[in-house]
file final_2.txt (compact mmCIF, C-alpha atoms and all ligand atoms)
# COMPACT_ATOMS: atom_id res chain seq x y z
CA MET A 1 0.00 0.00 0.00
CA ARG A 2 1.37 3.40 -0.93
CA THR A 3 1.39 5.81 2.00
CA ASP A 4 3.59 8.43 0.33
CA TRP A 5 0.90 10.13 -1.75
CA THR A 6 1.61 13.80 -2.31
CA ARG A 7 -1.14 16.34 -1.93
CA GLN A 8 -0.73 17.17 -5.63
CA GLU A 9 -1.32 13.53 -6.56
CA VAL A 10 -4.42 13.42 -4.39
CA ALA A 11 -5.68 16.63 -5.98
CA ALA A 12 -5.05 15.25 -9.48
CA LEU A 13 -7.10 12.14 -8.69
CA TYR A 14 -9.90 14.11 -7.02
CA HIS A 15 -10.22 16.45 -10.00
CA ARG A 16 -10.28 13.74 -12.68
CA PRO A 17 -13.34 13.69 -14.92
CA LEU A 18 -16.00 12.10 -12.72
CA LEU A 19 -16.64 9.07 -14.91
CA ASP A 20 -12.92 8.29 -15.23
CA LEU A 21 -12.56 8.66 -11.48
CA VAL A 22 -15.49 6.40 -10.63
CA PHE A 23 -14.42 3.82 -13.22
CA ALA A 24 -10.88 3.71 -11.83
CA ALA A 25 -12.21 3.46 -8.27
CA GLN A 26 -14.51 0.58 -9.21
CA GLN A 27 -11.58 -1.25 -10.81
CA VAL A 28 -9.48 -0.83 -7.66
CA HIS A 29 -12.48 -1.88 -5.60
CA ARG A 30 -12.90 -5.14 -7.51
CA GLN A 31 -9.22 -6.02 -7.14
CA HIS A 32 -9.46 -5.85 -3.36
CA HIS A 33 -13.06 -6.52 -2.36
CA PRO A 34 -16.02 -8.66 -3.42
CA ALA A 35 -17.91 -6.64 -6.05
CA ASN A 36 -21.41 -6.80 -4.60
CA GLN A 37 -20.91 -6.97 -0.88
CA VAL A 38 -21.62 -4.38 1.78
CA GLN A 39 -20.92 -4.54 5.47
CA MET A 40 -23.80 -3.56 7.71
CA CYS A 41 -22.79 -1.74 10.88
CA ARG A 42 -24.90 -0.66 13.81
CA LEU A 43 -24.27 2.42 15.92
CA LEU A 44 -25.31 2.90 19.52
CA SER A 45 -24.89 6.02 21.57
CA ILE A 46 -23.85 4.58 24.93
CA LYS A 47 -23.39 8.00 26.55
CA THR A 48 -25.34 10.83 25.02
CA GLY A 49 -25.01 14.62 25.10
CA GLY A 50 -23.43 17.09 27.48
CA CYS A 51 -20.05 17.01 25.76
CA PRO A 52 -17.64 19.82 26.71
CA GLU A 53 -16.09 20.04 23.22
CA ASP A 54 -17.21 22.66 20.70
CA CYS A 55 -17.31 20.64 17.44
CA ALA A 56 -19.49 22.94 15.31
CA TYR A 57 -21.35 20.07 13.64
CA CYS A 58 -22.27 18.15 16.75
CA PRO A 59 -25.70 17.93 18.34
CA GLN A 60 -24.10 16.48 21.49
CA SER A 61 -22.00 19.48 22.42
CA ALA A 62 -23.20 21.06 25.67
CA ARG A 63 -22.48 24.47 24.16
CA TYR A 64 -25.42 24.44 21.76
CA GLN A 65 -29.17 24.21 22.35
CA THR A 66 -29.95 21.23 20.18
CA GLY A 67 -32.68 19.47 22.13
CA VAL A 68 -30.53 16.35 22.60
CA GLN A 69 -31.30 14.85 26.01
CA ARG A 70 -28.28 14.17 28.18
CA ASP A 71 -28.01 10.60 29.29
CA HIS A 72 -25.56 8.74 31.52
CA LEU A 73 -23.44 5.80 30.43
CA MET A 74 -25.55 2.78 29.50
CA MET A 75 -25.13 -0.44 31.47
CA THR A 76 -23.60 -3.49 29.84
CA ASP A 77 -26.84 -5.51 29.80
CA GLU A 78 -28.71 -2.78 27.87
CA ILE A 79 -25.84 -2.46 25.42
CA LEU A 80 -25.65 -6.21 24.98
CA ALA A 81 -29.38 -6.36 24.22
CA ALA A 82 -28.88 -3.75 21.46
CA ALA A 83 -25.91 -5.66 20.07
CA ARG A 84 -27.90 -8.91 19.99
CA GLN A 85 -30.65 -7.11 18.10
CA ALA A 86 -28.10 -5.65 15.68
CA LYS A 87 -26.67 -9.10 15.06
CA SER A 88 -30.08 -10.59 14.36
CA ASP A 89 -30.78 -7.67 11.99
CA GLY A 90 -27.67 -8.66 9.99
CA ALA A 91 -25.05 -6.27 11.32
CA THR A 92 -21.53 -7.66 11.66
CA ARG A 93 -19.99 -4.62 13.29
CA PHE A 94 -21.24 -2.84 16.40
CA CYS A 95 -19.98 0.65 17.18
CA MET A 96 -20.46 2.29 20.59
CA GLY A 97 -20.21 6.07 20.70
CA ALA A 98 -19.80 8.25 23.76
CA ALA A 99 -20.01 12.04 23.96
CA TRP A 100 -16.80 12.46 25.90
CA ARG A 101 -13.82 14.74 25.30
CA GLN A 102 -11.73 11.82 26.48
CA ALA A 103 -12.50 8.40 27.88
CA PRO A 104 -12.81 8.64 31.67
CA GLN A 105 -10.64 6.69 34.10
CA GLY A 106 -12.11 4.36 36.73
CA ARG A 107 -15.57 2.90 37.14
CA GLU A 108 -17.07 4.19 33.88
CA PHE A 109 -14.13 3.00 31.81
CA ASP A 110 -14.34 -0.43 33.47
CA SER A 111 -17.98 -0.57 32.51
CA VAL A 112 -17.07 0.18 28.87
CA LEU A 113 -14.49 -2.63 29.00
CA GLU A 114 -17.14 -5.00 30.28
CA SER A 115 -19.45 -3.99 27.43
CA VAL A 116 -16.68 -4.50 24.87
CA ARG A 117 -16.06 -8.00 26.24
CA ALA A 118 -19.76 -8.83 26.11
CA VAL A 119 -20.23 -7.65 22.51
CA ALA A 120 -17.02 -9.35 21.36
CA GLU A 121 -18.39 -12.64 22.71
CA LEU A 122 -21.28 -12.38 20.25
CA GLY A 123 -18.73 -12.78 17.46
CA MET A 124 -19.28 -9.27 16.11
CA GLU A 125 -16.59 -6.76 15.24
CA VAL A 126 -16.58 -4.27 18.09
CA CYS A 127 -15.75 -0.60 17.63
CA CYS A 128 -15.74 2.25 20.13
CA THR A 129 -15.52 5.99 19.77
CA LEU A 130 -14.96 7.57 23.16
CA GLY A 131 -12.92 10.67 22.35
CA MET A 132 -9.22 10.86 23.20
CA ILE A 133 -7.67 7.81 24.85
CA THR A 134 -4.28 7.20 26.44
CA PRO A 135 -1.92 4.39 25.37
CA GLU A 136 -2.86 2.51 28.58
CA GLN A 137 -6.58 2.76 27.87
CA ALA A 138 -5.97 1.57 24.32
CA LEU A 139 -4.18 -1.52 25.64
CA LYS A 140 -7.04 -2.29 28.03
CA LEU A 141 -9.57 -1.95 25.21
CA LYS A 142 -7.48 -4.29 23.07
CA GLN A 143 -7.34 -6.86 25.88
CA ALA A 144 -11.12 -6.64 26.27
CA GLY A 145 -11.48 -7.65 22.61
CA LEU A 146 -11.98 -4.31 20.84
CA THR A 147 -11.58 -4.68 17.06
CA ALA A 148 -11.48 -1.03 16.04
CA TYR A 149 -11.38 2.46 17.46
CA ASN A 150 -13.09 5.32 15.62
CA HIS A 151 -11.52 8.73 15.86
CA ASN A 152 -12.03 11.06 12.91
CA LEU A 153 -9.74 13.75 11.56
CA ASP A 154 -12.96 15.32 10.28
CA THR A 155 -11.42 17.75 7.75
CA SER A 156 -8.15 19.25 6.49
CA PRO A 157 -5.58 20.57 8.98
CA GLU A 158 -6.22 24.11 7.63
CA PHE A 159 -10.00 24.09 7.94
CA TYR A 160 -10.05 22.20 11.24
CA SER A 161 -9.74 25.26 13.51
CA THR A 162 -12.87 26.84 12.05
CA ILE A 163 -14.81 23.75 13.20
CA ILE A 164 -13.24 22.80 16.54
CA SER A 165 -11.24 24.94 18.96
CA THR A 166 -11.14 22.72 22.05
CA ARG A 167 -8.89 19.98 20.69
CA THR A 168 -6.06 20.11 18.15
CA TYR A 169 -5.43 18.10 15.01
CA GLN A 170 -2.22 16.86 16.62
CA GLU A 171 -4.16 15.53 19.64
CA ARG A 172 -6.30 13.55 17.22
CA LEU A 173 -3.20 12.14 15.55
CA ASP A 174 -1.82 11.21 19.00
CA THR A 175 -4.96 9.25 19.88
CA LEU A 176 -4.76 7.47 16.54
CA ALA A 177 -1.13 6.57 17.32
CA SER A 178 -2.15 5.09 20.72
CA VAL A 179 -4.81 3.01 19.01
CA ARG A 180 -2.37 1.74 16.40
CA GLN A 181 0.31 1.05 19.00
CA ALA A 182 -2.11 -1.13 21.00
CA GLY A 183 -2.82 -3.29 17.93
CA ILE A 184 -6.39 -2.08 17.50
CA THR A 185 -7.48 -1.35 13.93
CA VAL A 186 -8.02 2.30 13.07
CA CYS A 187 -11.34 3.72 11.89
CA CYS A 188 -10.74 7.28 10.77
CA GLY A 189 -12.55 9.54 8.35
CA GLY A 190 -14.30 12.86 8.14
CA ILE A 191 -17.32 14.97 7.37
CA LEU A 192 -18.17 16.71 4.09
CA GLY A 193 -20.57 19.61 3.74
CA MET A 194 -19.30 21.82 6.56
CA GLY A 195 -18.43 24.69 4.21
CA GLU A 196 -14.98 23.34 3.36
CA SER A 197 -13.46 23.69 -0.11
CA ASP A 198 -12.37 20.98 -2.56
CA ASP A 199 -8.86 21.71 -1.37
CA ASP A 200 -9.88 20.91 2.23
CA ARG A 201 -11.45 17.64 1.14
CA ILE A 202 -8.23 16.84 -0.70
CA GLY A 203 -6.28 17.76 2.45
CA LEU A 204 -8.38 15.37 4.56
CA LEU A 205 -7.98 12.51 2.07
CA HIS A 206 -4.25 13.18 1.88
CA GLN A 207 -3.93 13.01 5.67
CA LEU A 208 -5.85 9.73 5.82
CA ALA A 209 -3.95 8.09 2.97
CA THR A 210 -0.54 9.01 4.39
CA LEU A 211 -1.20 7.55 7.85
CA ASP A 212 1.22 4.65 7.99
CA PRO A 213 -0.25 2.09 8.09
CA GLN A 214 -3.43 3.41 6.51
CA PRO A 215 -6.73 3.15 8.42
CA GLU A 216 -8.55 -0.15 7.94
CA SER A 217 -11.84 1.72 8.01
CA VAL A 218 -12.69 5.14 6.57
CA PRO A 219 -16.12 6.60 7.40
CA ILE A 220 -17.16 9.40 5.07
CA ASN A 221 -19.98 11.40 6.65
CA MET A 222 -22.22 13.95 4.96
CA LEU A 223 -22.97 16.64 7.53
CA VAL A 224 -26.28 16.07 9.29
CA ARG A 225 -27.41 19.64 9.93
CA ALA A 226 -28.60 19.54 13.50
CA PRO A 227 -30.76 22.49 14.60
CA GLY A 228 -28.98 24.63 17.18
CA THR A 229 -25.45 23.81 16.00
CA PRO A 230 -23.37 26.52 14.32
CA LEU A 231 -23.47 24.53 11.07
CA SER A 232 -27.26 24.08 11.01
CA GLY A 233 -27.62 26.59 8.17
CA GLN A 234 -25.00 25.14 5.82
CA PRO A 235 -26.22 24.82 2.23
CA ASP A 236 -26.90 21.38 0.75
CA LEU A 237 -23.80 19.49 -0.28
CA ASP A 238 -23.84 18.30 -3.88
CA PRO A 239 -24.01 14.49 -3.48
CA LEU A 240 -21.59 14.15 -6.39
CA ILE A 241 -18.95 15.59 -4.06
CA MET A 242 -19.53 12.60 -1.80
CA VAL A 243 -19.10 10.37 -4.85
CA ARG A 244 -15.88 12.12 -5.83
CA ALA A 245 -14.44 11.92 -2.31
CA ILE A 246 -15.40 8.26 -1.89
CA ALA A 247 -13.88 7.32 -5.26
CA THR A 248 -10.66 9.14 -4.37
CA ALA A 249 -10.57 7.43 -0.96
CA ARG A 250 -11.05 4.05 -2.62
CA ILE A 251 -8.12 4.60 -5.01
CA LEU A 252 -5.85 5.97 -2.29
CA MET A 253 -6.74 3.30 0.29
CA PRO A 254 -7.55 0.17 -1.73
CA LYS A 255 -7.87 -2.23 1.19
CA ALA A 256 -9.86 -0.03 3.55
CA MET A 257 -13.54 -0.50 4.24
CA VAL A 258 -14.99 2.79 3.01
CA ARG A 259 -18.16 3.52 4.95
CA LEU A 260 -20.93 5.77 3.73
CA ALA A 261 -21.71 6.91 7.26
CA ALA A 262 -23.93 9.84 8.34
CA GLY A 263 -26.13 11.68 5.86
CA ARG A 264 -27.68 8.84 3.90
CA LYS A 265 -31.16 9.95 4.89
CA GLN A 266 -30.62 13.19 2.94
CA MET A 267 -29.40 11.37 -0.16
CA THR A 268 -31.43 9.86 -2.99
CA ARG A 269 -31.19 6.16 -3.74
CA GLU A 270 -29.41 7.06 -6.97
CA ALA A 271 -26.76 9.06 -5.12
CA VAL A 272 -26.20 6.24 -2.62
CA CYS A 273 -25.91 3.82 -5.53
CA LEU A 274 -23.21 6.01 -7.10
CA CYS A 275 -21.37 6.02 -3.76
CA PHE A 276 -21.34 2.19 -3.89
CA LEU A 277 -20.09 2.33 -7.48
CA ALA A 278 -17.35 4.70 -6.31
CA GLY A 279 -16.17 2.12 -3.79
CA ALA A 280 -18.17 2.53 -0.60
CA ASN A 281 -18.74 -0.93 0.84
CA SER A 282 -20.37 -0.37 4.17
CA ILE A 283 -23.34 1.47 5.65
CA PHE A 284 -24.80 2.09 9.07
CA PHE A 285 -28.05 0.25 9.30
CA GLY A 286 -30.68 1.02 11.95
CA GLU A 287 -33.24 3.73 12.54
CA ARG A 288 -30.83 6.01 14.35
CA LEU A 289 -27.18 6.94 13.93
CA LEU A 290 -26.07 8.26 17.35
CA THR A 291 -28.69 10.94 17.97
CA THR A 292 -30.04 11.67 14.47
CA PRO A 293 -32.33 9.63 12.20
CA ASN A 294 -31.09 7.13 9.63
CA PRO A 295 -33.22 5.53 6.86
CA PRO A 296 -35.75 2.95 8.14
CA PRO A 297 -34.17 -0.52 8.25
CA ASP A 298 -36.90 -2.13 6.14
CA GLU A 299 -36.32 0.46 3.37
CA ASP A 300 -32.60 -0.18 3.52
CA ALA A 301 -33.12 -3.92 3.35
CA ASP A 302 -35.33 -3.50 0.24
CA PHE A 303 -32.81 -1.14 -1.34
CA VAL A 304 -29.87 -3.49 -0.77
CA ARG A 305 -31.91 -6.35 -2.24
CA GLU A 306 -32.97 -4.30 -5.28
CA LEU A 307 -29.36 -3.47 -6.04
CA GLY A 308 -28.49 -7.15 -5.75
CA LEU A 309 -26.02 -6.44 -2.99
CA GLU A 310 -25.38 -8.97 -0.29
CA ALA A 311 -24.70 -8.22 3.34
CA MET A 312 -21.29 -9.33 4.52
CA GLN A 313 -21.41 -12.46 6.66
CA PRO A 314 -19.74 -12.66 10.07
CA ALA A 315 -16.08 -13.74 9.85
CA GLY A 316 -15.71 -17.51 10.07
CA SER A 317 -19.23 -18.34 8.87
N1 LIG B 401 -16.93 12.23 21.22
C1 LIG B 401 -16.15 11.35 20.45
C2 LIG B 401 -15.33 12.08 19.39
O1 LIG B 401 -15.73 13.12 18.93
O2 LIG B 401 -14.27 11.54 19.04
C3 LIG B 401 -16.94 10.24 19.79
C4 LIG B 401 -18.34 10.51 19.23
S1 LIG B 401 -18.43 11.67 17.88
C5 LIG B 401 -20.15 11.94 17.76
C6 LIG B 401 -17.98 10.69 16.45
C7 LIG B 401 -17.95 11.35 15.11
O3 LIG B 401 -19.27 11.56 14.63
C8 LIG B 401 -17.32 12.72 15.00
O4 LIG B 401 -15.94 12.69 14.92
C9 LIG B 401 -17.89 13.23 13.68
O5 LIG B 401 -17.03 12.92 12.62
C10 LIG B 401 -19.22 12.48 13.56
N2 LIG B 401 -20.37 13.40 13.64
C11 LIG B 401 -20.84 14.00 14.74
N3 LIG B 401 -21.87 14.80 14.46
C12 LIG B 401 -22.08 14.71 13.12
C13 LIG B 401 -23.00 15.32 12.22
N4 LIG B 401 -23.91 16.20 12.64
N5 LIG B 401 -22.93 14.99 10.92
C14 LIG B 401 -22.00 14.10 10.49
N6 LIG B 401 -21.10 13.51 11.29
C15 LIG B 401 -21.13 13.80 12.59
C1 LIG B 402 -18.56 8.29 12.08
O1 LIG B 402 -17.66 8.71 11.35
N1 LIG B 402 -19.85 8.50 11.90
C2 LIG B 402 -20.63 7.92 12.94
C3 LIG B 402 -19.58 7.12 13.74
N2 LIG B 402 -18.36 7.55 13.15
C4 LIG B 402 -19.52 7.23 15.20
C5 LIG B 402 -21.38 8.93 13.76
C6 LIG B 402 -22.29 9.81 12.97
C7 LIG B 402 -23.02 10.70 13.92
C8 LIG B 402 -24.05 11.56 13.23
C9 LIG B 402 -24.72 12.49 14.16
C10 LIG B 402 -25.57 11.86 15.21
O2 LIG B 402 -26.36 10.94 14.94
O3 LIG B 402 -25.49 12.31 16.37
FE1 LIG B 403 -18.19 15.88 21.79
FE2 LIG B 403 -17.52 14.09 19.94
FE3 LIG B 403 -19.63 15.75 19.59
FE4 LIG B 403 -17.17 16.73 19.47
S1 LIG B 403 -18.04 15.19 18.07
S2 LIG B 403 -18.91 17.61 20.59
S3 LIG B 403 -16.13 15.48 20.99
S4 LIG B 403 -19.46 14.16 21.12

call {"tool": "encode", "arguments": {"input": "final_2.txt", "output": "structure tokens", "more": "lines below"}}
Ligand code: SAM
Ligand code: DTB
Ligand code: SF4
result
Amino acid sequence: MRTDWTRQEVAALYHRPLLDLVFAAQQVHRQHHPANQVQMCRLLSIKTGGCPEDCAYCPQSARYQTGVQRDHLMMTDEILAAARQAKSDGATRFCMGAAWRQAPQGREFDSVLESVRAVAELGMEVCCTLGMITPEQALKLKQAGLTAYNHNLDTSPEFYSTIISTRTYQERLDTLASVRQAGITVCCGGILGMGESDDDRIGLLHQLATLDPQPESVPINMLVRAPGTPLSGQPDLDPLIMVRAIATARILMPKAMVRLAAGRKQMTREAVCLCFLAGANSIFFGERLLTTPNPPPDEDADFVRELGLEAMQPAGS
């Protein structure tokens, strides 16, 4: 895998004629992944709202009046029930999200470890996104059976400070390094539609593709405009920009699972289909993402069937 892409090379790919770009991405996709398979993931917000960070897109920041109800950390048995349901709905990856600046130490962290162990025993891939973590916490999560840790770079280094002021890009890179060091796979991506330029999207993709090793999982989110957040009034993002970014990600990171994450509810079936053609091979399936709505599961199931896609089976089956 090349990890020495220059920003100019990334820009040249991103700006290729769209049909050339999508065709090239689909070719790369077929060399590295089954052509018609998508992985279904399920998200669960295990600790909701009241977050001290100021991420301008986020309905869970305590700084904005978004109507999101604050909730304490969920107990392992409730989480396990949701994971069992996800598994029976066909999900093979279960991702637990917490609205923390950083994972806490002590009783709450121990409870998260217990939940990780319980979900891992179901034979699902287990992912957590808990904010910043230390190298020691990463090791404990690994020992509990965590498959992946999600921590997004969100956007380019240049645009980042217009979106978040309470945590630096470098701190994000440090958390990613702790995750990698502990032997946990890295899930790292970003958000499009926050008012960034093509050059910022290129900057994000360049950062992701030059992580060494590259992330195993790259979620590409379309901004969900949550009322009350500073980004609630952003104009619609052209879905073809999602297609372009996904195709570029696929070419740059051939082996990664590229996940069409938040924002699918705002997209047409045709746009989602183009994202698959561009190399996305995973979606979040379930009526809610963390705090915002996602397409109804029965509609998604019909859609996947109509496209002739098959849901990825659990490893070892
Ligand atoms: N608090 C932890 C953190 O920020 O690392 C974990 C949870 S946080 C909600 C996980 C990711 O969700 C963020 O990094 C961001 O990329 C994504 N996200 C949050 N709000 C979003 C929105 N309104 N639209 C799209 N993606 C969003
Ligand atoms: C990611 O990149 N997208 C997911 C997951 N990682 C944790 C989260 C999307 C959250 C969308 C806003 C919400 O539902 O609160
Ligand atoms: Fe907090 Fe994460 Fe939301 Fe930022 S994205 S406000 S860190 S929950």

call {"tool": "closest_atom_pairs", "arguments": {"input": "final_2.txt", "of": "chain A", "to": "ligand LIG 403 (chain B)", "cutoff": "8 Å", "atoms": "all atoms listed in the file", "output": "JSON lines"}}
result
{"residue": "A:Thr48", "atom": "CA", "partner": "B:LIG403", "partner_atom": "S4", "distance": 7.8}
{"residue": "A:Gly49", "atom": "CA", "partner": "B:LIG403", "partner_atom": "S4", "distance": 6.8}
{"residue": "A:Gly50", "atom": "CA", "partner": "B:LIG403", "partner_atom": "FE1", "distance": 7.8}
{"residue": "A:Cys51", "atom": "CA", "partner": "B:LIG403", "partner_atom": "FE1", "distance": 4.5}
{"residue": "A:Pro52", "atom": "CA", "partner": "B:LIG403", "partner_atom": "FE1", "distance": 6.3}
{"residue": "A:Glu53", "atom": "CA", "partner": "B:LIG403", "partner_atom": "S2", "distance": 4.6}
{"residue": "A:Asp54", "atom": "CA", "partner": "B:LIG403", "partner_atom": "S2", "distance": 5.3}
{"residue": "A:Cys55", "atom": "CA", "partner": "B:LIG403", "partner_atom": "FE4", "distance": 4.4}
{"residue": "A:Ala56", "atom": "CA", "partner": "B:LIG403", "partner_atom": "S2", "distance": 7.5}
{"residue": "A:Tyr57", "atom": "CA", "partner": "B:LIG403", "partner_atom": "S1", "distance": 7.4}
{"residue": "A:Cys58", "atom": "CA", "partner": "B:LIG403", "partner_atom": "FE3", "distance": 4.6}
{"residue": "A:Pro59", "atom": "CA", "partner": "B:LIG403", "partner_atom": "FE3", "distance": 6.6}
{"residue": "A:Gln60", "atom": "CA", "partner": "B:LIG403", "partner_atom": "FE3", "distance": 4.9}
{"residue": "A:Ser61", "atom": "CA", "partner": "B:LIG403", "partner_atom": "S2", "distance": 4.0}
{"residue": "A:Ala62", "atom": "CA", "partner": "B:LIG403", "partner_atom": "S2", "distance": 7.5}
{"residue": "A:Ala98", "atom": "CA", "partner": "B:LIG403", "partner_atom": "S4", "distance": 6.5}
{"residue": "A:Ala99", "atom": "CA", "partner": "B:LIG403", "partner_atom": "S4", "distance": 3.6}
{"residue": "A:Trp100", "atom": "CA", "partner": "B:LIG403", "partner_atom": "FE1", "distance": 5.5}
{"residue": "A:Arg101", "atom": "CA", "partner": "B:LIG403", "partner_atom": "S3", "distance": 4.9}
{"residue": "A:Gln102", "atom": "CA", "partner": "B:LIG403", "partner_atom": "S3", "distance": 7.9}
{"residue": "A:Leu130", "atom": "CA", "partner": "B:LIG403", "partner_atom": "FE2", "distance": 7.7}
{"residue": "A:Gly131", "atom": "CA", "partner": "B:LIG403", "partner_atom": "S3", "distance": 5.9}
{"residue": "A:Ile164", "atom": "CA", "partner": "B:LIG403", "partner_atom": "FE4", "distance": 7.8}

call {"tool": "residues_around", "arguments": {"input": "final_2.txt", "residues": "range 73-78 of chain A", "least_positions_apart": "6", "cutoff": "12 Å", "atoms": "only C-alpha atoms", "output": "MDAnalysis selection string"}}
result
chainID A and resid 44:50 84:85 96:100 103:104 107:119 130

call {"tool": "axis_aligned_box", "arguments": {"input": "final_2.txt", "around": "range 120-125 of chain A", "padding_each_side": "8 Å", "output": "AutoDock Vina command-line options"}}
result
--center_x -18.9 --center_y -9.8 --center_z 19.0 --size_x 20.7 --size_y 22.0 --size_z 23.5

call {"tool": "closest_residue", "arguments": {"input": "final_2.txt", "among": "A:Arg305, A:Arg2, A:Arg259, A:Arg167", "to": "ligand LIG 402 (chain B)", "atoms": "all atoms listed in the file"}}
result
A:Arg259

call {"tool": "residues_near_ligand", "arguments": {"input": "final_2.txt", "ligand": "ligand LIG 402 (chain B)", "cutoff": "7 Å", "atoms": "all atoms listed in the file", "output": "PyMOL selection string"}}
result
chain A and resi 43+58-60+95+97+129+150+152+189-190+219-221+224+261-262+288-293

call {"tool": "closest_residue", "arguments": {"input": "final_2.txt", "among": "A:Tyr149, A:Phe94, A:Trp5, A:Phe303", "to": "ligand LIG 401 (chain B)", "atoms": "all atoms listed in the file"}}
result
A:Tyr149

call {"tool": "closest_residue", "arguments": {"input": "final_2.txt", "among": "A:Gln37, A:Gln27, A:Thr155, A:Gln313", "to": "ligand LIG 401 (chain B)", "atoms": "all atoms listed in the file"}}
result
A:Thr155

call {"tool": "atom_distance", "arguments": {"input": "final_2.txt", "atom1": "atom N3 of ligand LIG 401 (chain B)", "atom2": "CA of Arg70 in chain A"}}
result
15.2 Å

call {"tool": "closest_residue", "arguments": {"input": "final_2.txt", "among": "A:Gly279, A:Gly203, A:Pro314, A:Gly286", "to": "Gln8 in chain A", "atoms": "all atoms listed in the file"}}
result
A:Gly203

call {"tool": "atom_distance", "arguments": {"input": "final_2.txt", "atom1": "CA of Pro34 in chain A", "atom2": "CA of Ile283 in chain A"}}
result
15.4 Å

call {"tool": "atom_distance", "arguments": {"input": "final_2.txt", "atom1": "CA of Asp298 in chain A", "atom2": "CA of Ala86 in chain A"}}
result
13.4 Å

call {"tool": "closest_residue", "arguments": {"input": "final_2.txt", "among": "A:Leu80, A:Leu231, A:Val68, A:Ala35", "to": "ligand LIG 401 (chain B)", "atoms": "only C-alpha atoms and all ligand atoms"}}
result
A:Leu231

call {"tool": "closest_residue", "arguments": {"input": "final_2.txt", "among": "A:Thr229, A:Thr162, A:Thr168, A:Thr185", "to": "ligand LIG 401 (chain B)", "atoms": "all atoms listed in the file"}}
result
A:Thr229

call {"tool": "residues_near_point", "arguments": {"input": "final_2.txt", "point": "(-18.4, 12.9, -2.3)", "cutoff": "10 Å", "atoms": "only C-alpha atoms", "output": "MDAnalysis selection string"}}
result
chainID A and resid 14 191:193 201 220:222 237:249 260 271 274:275 278

call {"tool": "residues_around", "arguments": {"input": "final_2.txt", "residues": "Pro157 in chain A", "least_positions_apart": "2", "cutoff": "10 Å", "atoms": "only C-alpha atoms", "output": "list in words"}}
result
Leu153, Asp154, Thr155, Phe159, Tyr160, Ser161, Thr168, Tyr169, Gln170, Asp200, Gly203, Leu204 and Gln207 of chain A

call {"tool": "residues_around", "arguments": {"input": "final_2.txt", "residues": "Ala12 in chain A", "least_positions_apart": "3", "cutoff": "12 Å", "atoms": "only C-alpha atoms", "output": "list in words"}}
result
Trp5, Thr6, Arg7, Gln8, Glu9, His15, Arg16, Pro17, Leu18, Asp20, Leu21, Asp198, Asp199, Ile202, His206, Arg244, Thr248, Ile251 and Leu252 of chain A

call {"tool": "residues_around", "arguments": {"input": "final_2.txt", "residues": "Met257 in chain A", "least_positions_apart": "5", "cutoff": "8 Å", "atoms": "only C-alpha atoms", "output": "PyMOL selection string"}}
result
chain A and resi 216-218+280-282
